Amino acid sequence: MLPFGLRMDDPSSRKELDMSHPRTARLPKARKAFVLQKPNGQLVPRVQQVGPEHFGIVAIDCAKARSRYFLADFYGRTLLEPTTVAHSRGDLQAAIDLLRQASREHDLHDLVVAIERTGDYHRPIQRAFRQAGFETRLVHPFTSKQYRQPADPGNKTDDTDLAAICRATTHGFGLLEPAWPDDYVAIQLLRRHRRDLVDKNTILQCQVREVLHAAMPGYAECFCHFWDDSPAPMIFARHTTSPQAVRGAGLAGLRHIAAQSQLRCRDETLHKILAWAEQAPPGAGHTPERQRQLIALDDDRLTKTKQILELERDLAHHVVRTPYVLLLAIPGINIVTVADLAGELGPIELYLNANAITGRAGLMPSRYQSDQVDCANGPLRRRGNRRLRAVLMQTADNLVQCNHYFRARAEQWTRAGKDARWLRVKVVKIFSRLAYAMVAGRQLFPHPCCQQRHYILGKLLAFHGEHGTDLMARRQDLEAAVEQLPLKRRAVEAEPLQQELDALSRRRGPQPLADIIHLVLARLAGRVVQSTSHESAGP
């Protein structure tokens with residue numbers, strides 16, 4: 001009997017089946033069919049239906065403030081000369097009306113609009129033609145370059161680009177861009193904004209450390225985890241900003257600073273700071289100026305940290321409404337990782353199998369073959385979605401560090417002398433097959449990496465507890481996550497939470513609200529997750 005989510009007709013499922021059941025005989029691998037055109041760029045059936053002379057292609061070369069476009073039929077006969085259109089509503093509407101008039105005059109029965117991708121500058125043009133009812137397709141700049149150079153070597157103009165865009169579209173390289181649901185679009189926007197804030201926050205932390213080292217040499221090294229453990233190191237540094245000030249304040253002064261800041265700090269930390277001040281070398285001087293600089297940088301860091309926490313709460317709100325939330329069952333995967341994967345992968349229905357995921361990221365060896373020469377295991381392909389590749393590599397690092405199964409496999413490969421880069425790609429390949437089976441199949445099934453399986457609702461409650469999420473929002477997220485769980489797993493998810501609630505009820509005396517509130521929410525969610533007797537066991 002096959003685990004849930006695996007299908008014998010799916011190549012990724014066969015590989016996953018072989019790994020989880022070593023004695024199972026491998027099925028013969030189907031030979032990949034030779035494809036001349038991109039599947040999502042084919043126009044041949046539509047051209048055959050209306051005839052090449054009645055099929056029109058609008059090629060558009062976009063810039064920031066204006067674009068160049070022209071109309072031709074499938075044979076390449078120019079029907080509308082290259083024209084410049086400004087990016088304003090009136091000019092775009094005039095261009096659309098002109099195209100419709102030209103289509104009627106030349107008896108065009110079908111029409112596509114091919115737009116060259118240029119960052120985000122092509123989006124207004126794409127939206128304008130899409131809202132007008134035209135089918136829009138995108139041509140990659142590398143594709144138009146390859147179609148331009150043979151025809152116009154050494155000559156690059158807007159008109160030669162238009163001709164190259166038209167040629168690429170007729171040969172199946174004007175690709176349809178699938179429309180993502182709103183939740184996936186929101187996740188992508190929020191996770192990229194969070195990534196940008198994290199990068200800026202890292203730069204600020206480096207700047208703070210530089211100013212701190214100049215004013216208080218060796219102070220940051222007194223703490224094992226300067227940023228993660230407690231805000232105490234920066235609070236004392238903001239109020240003193242020199243070894244002389246720390247010695248002048250003494251133990252009583254440091255305690256007064258902690259009381260003013262409503263900071264609970266152990267005396268061991270205060271004695272550690274005083275011991276450093278007695279042995280510290282003299283600072284760089286100009287203490288008032290450096291103190292103002294330190295406070296300004298730290299305030300900016302704290303503001304960005306608060307924004308990051310808010311973004312993570314928003315990401316969790318959208319992630320729980322997608323099947324990607326099932327990946328939380330894997331140790332080493334948290335809400336942020338799931339959001340990164342969902343934001344860059346998009347709906348799993350867009351991928352034929354797990355190999356399409358790593359193929360889009362470019363995590364496959366390049367191949368050079370000519371006659372008897374066949375170099376099938378070359379270096380990784382240089383072309384691919386860089387954001388997706390970064391997310392998959394970061395996920396591999398998390399799994400190797402936090403998941404016992406992948407850690408053991410990584411140690412085994414390291415002892416065998418495998419390259420560290422090969423190791424990460426191998427982990428990504430295994431994870432992509434597992435993630436595809438879980439998300440596409442909407443099921444949780446046994447796997448060696450989930451022997452110590454994490455509970456999805458438990459992870460969500462812990463996440464919201466750390467982020468101080470509003471109680472109503474917590475419950476909404478729990479209920480949304482329950483809707484994504486397989487029916488037979490809902491009661492299992494509620495059991496550990498109910499056990500923790502029962503253990504808490506046996507304690508005597510008052511209990512901290514932080515320990516109670518998430519369990520109360522678990523009880524409310526338990527009413528939702530409990531399966532009834534008439535429910536089926538799921539697909």
# chains A, B, ... in the order shown; residues from 1 in each chain; ligands from 1

$ residues_around --residues "A:Tyr75" --least-positions-apart "5" --cutoff "12 Å" --atoms "only C-alpha atoms" --output "count of residues only"
13

$ residues_around --residues "stretch 184-197 of chain A" --least-positions-apart "5" --cutoff "12 Å" --atoms "only C-alpha atoms" --output "PyMOL selection string"
chain A and resi 178-179+202-204+300-324+335-348+387-388+390-391

$ select_by_dssp --residues "stretch 30-123 of chain A" --states "alpha helix (DSSP H)" --output "list in words"
Val44, Pro45, Arg46, Val47, Gln48, Gln49, Val50, Arg89, Gly90, Asp91, Leu92, Gln93, Ala94, Ala95, Ile96, Asp97, Leu98, Leu99, Arg100, Gln101, Ala102, Ser103, Arg104, Glu105 and Arg123 of chain A

$ select_by_dssp --residues "stretch 341-451 of chain A" --states "strand (DSSP E or B)" --output "ChimeraX atom specification"
/A:365,368-370,373-375,380

$ residues_around --residues "stretch 206-213 of chain A" --least-positions-apart "4" --cutoff "8 Å" --atoms "only C-alpha atoms" --output "JSON, numbers by chain"
{"A": [202, 217, 218, 219, 220, 237, 241, 290, 293, 294, 297, 298]}

$ residues_around --residues "A:Leu399" --least-positions-apart "2" --cutoff "12 Å" --atoms "only C-alpha atoms" --output "PDB file with C-alpha atoms, in the first residue's frame"
ATOM      1  CA  ILE A 330       9.240  18.488   9.284  1.00  0.00           C
ATOM      2  CA  PRO A 331      11.775  19.298  12.034  1.00  0.00           C
ATOM      3  CA  GLY A 332      13.950  22.205  10.932  1.00  0.00           C
ATOM      4  CA  ILE A 333      11.161  23.982   9.035  1.00  0.00           C
ATOM      5  CA  ASN A 334       9.548  27.030  10.647  1.00  0.00           C
ATOM      6  CA  THR A 337      11.026  29.064   5.893  1.00  0.00           C
ATOM      7  CA  LEU A 392      16.168  26.199  -1.299  1.00  0.00           C
ATOM      8  CA  MET A 393      19.820  26.445  -0.252  1.00  0.00           C
ATOM      9  CA  GLN A 394      18.882  28.166   3.002  1.00  0.00           C
ATOM     10  CA  THR A 395      16.313  25.445   3.653  1.00  0.00           C
ATOM     11  CA  ALA A 396      19.001  22.819   3.086  1.00  0.00           C
ATOM     12  CA  ASP A 397      21.245  24.519   5.657  1.00  0.00           C
ATOM     13  CA  GLN A 401      21.583  21.742  11.267  1.00  0.00           C
ATOM     14  CA  CYS A 402      18.193  20.966  12.850  1.00  0.00           C
ATOM     15  CA  ASN A 403      16.932  17.691  11.349  1.00  0.00           C
ATOM     16  CA  HIS A 404      18.486  14.468  12.639  1.00  0.00           C
ATOM     17  CA  TYR A 405      17.908  12.573   9.381  1.00  0.00           C
ATOM     18  CA  PHE A 406      19.507  15.141   7.095  1.00  0.00           C
ATOM     19  CA  ARG A 407      22.302  15.762   9.606  1.00  0.00           C
ATOM     20  CA  ALA A 408      23.169  12.066   9.615  1.00  0.00           C
ATOM     21  CA  ARG A 409      23.075  11.882   5.822  1.00  0.00           C
ATOM     22  CA  ALA A 410      25.268  14.976   5.564  1.00  0.00           C
ATOM     23  CA  LEU A 423      25.895  17.976  -0.292  1.00  0.00           C
ATOM     24  CA  ARG A 424      23.549  20.973  -0.163  1.00  0.00           C
ATOM     25  CA  LYS A 426      21.546  16.637  -2.676  1.00  0.00           C
ATOM     26  CA  VAL A 427      19.607  17.717   0.422  1.00  0.00           C
ATOM     27  CA  VAL A 428      17.543  20.088  -1.713  1.00  0.00           C
ATOM     28  CA  ILE A 430      15.512  15.002  -1.347  1.00  0.00           C
ATOM     29  CA  PHE A 431      13.546  17.791   0.309  1.00  0.00           C
ATOM     30  CA  CYS A 449      13.134  12.830   8.555  1.00  0.00           C
ATOM     31  CA  CYS A 450       9.857  12.999  10.509  1.00  0.00           C
TER      32      CYS A 450
END

$ residues_around --residues "A:Ala132" --least-positions-apart "6" --cutoff "12 Å" --atoms "only C-alpha atoms" --output "PyMOL selection string"
chain A and resi 89+92-97+99-100+113+125-126

$ closest_residue --among "A:Gly174, A:Ser88, A:Gly248, A:Gly154" --to "A:Ile60" --atoms "only C-alpha atoms"
A:Gly174

$ atom_distance --atom1 "atom CA of A:Lys64" --atom2 "atom CA of A:Gly41"
25.8 Å

$ closest_residue --among "A:Arg264, A:Lys429, A:Arg46, A:His87" --to "A:Phe74" --atoms "only C-alpha atoms"
A:Arg46

$ residues_around --residues "A:Tyr147" --least-positions-apart "6" --cutoff "10 Å" --atoms "only C-alpha atoms" --output "ChimeraX atom specification"
/A:141,160-161,163-168

$ write_last_selection --atoms "N, CA, C and O atoms" --output "PDB file, in the first residue's frame"
ATOM      1  N   PRO A 141      14.657  38.665 -21.820  1.00  0.00           N
ATOM      2  CA  PRO A 141      15.662  39.435 -22.579  1.00  0.00           C
ATOM      3  C   PRO A 141      16.764  38.574 -23.181  1.00  0.00           C
ATOM      4  O   PRO A 141      17.271  38.881 -24.270  1.00  0.00           O
ATOM      5  N   THR A 160      15.058  46.568 -33.937  1.00  0.00           N
ATOM      6  CA  THR A 160      15.619  45.224 -34.061  1.00  0.00           C
ATOM      7  C   THR A 160      15.183  44.346 -32.886  1.00  0.00           C
ATOM      8  O   THR A 160      14.995  43.132 -33.044  1.00  0.00           O
ATOM      9  N   ASP A 161      15.015  44.941 -31.712  1.00  0.00           N
ATOM     10  CA  ASP A 161      14.486  44.184 -30.570  1.00  0.00           C
ATOM     11  C   ASP A 161      13.053  43.746 -30.833  1.00  0.00           C
ATOM     12  O   ASP A 161      12.660  42.623 -30.476  1.00  0.00           O
ATOM     13  N   ALA A 163      11.681  43.070 -33.709  1.00  0.00           N
ATOM     14  CA  ALA A 163      11.715  41.951 -34.648  1.00  0.00           C
ATOM     15  C   ALA A 163      12.133  40.658 -33.941  1.00  0.00           C
ATOM     16  O   ALA A 163      11.580  39.580 -34.201  1.00  0.00           O
ATOM     17  N   ALA A 164      13.094  40.764 -33.025  1.00  0.00           N
ATOM     18  CA  ALA A 164      13.544  39.574 -32.294  1.00  0.00           C
ATOM     19  C   ALA A 164      12.441  39.056 -31.379  1.00  0.00           C
ATOM     20  O   ALA A 164      12.259  37.836 -31.243  1.00  0.00           O
ATOM     21  N   ILE A 165      11.688  39.945 -30.756  1.00  0.00           N
ATOM     22  CA  ILE A 165      10.582  39.530 -29.892  1.00  0.00           C
ATOM     23  C   ILE A 165       9.527  38.793 -30.698  1.00  0.00           C
ATOM     24  O   ILE A 165       8.984  37.764 -30.266  1.00  0.00           O
ATOM     25  N   CYS A 166       9.240  39.279 -31.887  1.00  0.00           N
ATOM     26  CA  CYS A 166       8.252  38.626 -32.751  1.00  0.00           C
ATOM     27  C   CYS A 166       8.735  37.245 -33.179  1.00  0.00           C
ATOM     28  O   CYS A 166       7.966  36.279 -33.158  1.00  0.00           O
ATOM     29  N   ARG A 167      10.027  37.127 -33.566  1.00  0.00           N
ATOM     30  CA  ARG A 167      10.558  35.817 -33.963  1.00  0.00           C
ATOM     31  C   ARG A 167      10.503  34.832 -32.804  1.00  0.00           C
ATOM     32  O   ARG A 167      10.139  33.663 -32.977  1.00  0.00           O
ATOM     33  N   ALA A 168      10.891  35.290 -31.609  1.00  0.00           N
ATOM     34  CA  ALA A 168      10.878  34.404 -30.445  1.00  0.00           C
ATOM     35  C   ALA A 168       9.466  33.923 -30.138  1.00  0.00           C
ATOM     36  O   ALA A 168       9.257  32.756 -29.769  1.00  0.00           O
TER      37      ALA A 168
END

$ atom_distance --atom1 "atom CA of A:Arg389" --atom2 "atom CA of A:Ser432"
11.8 Å

$ closest_residue --among "A:Trp422, A:Phe34, A:Phe173, A:Tyr121" --to "A:Val139" --atoms "only C-alpha atoms"
A:Phe173
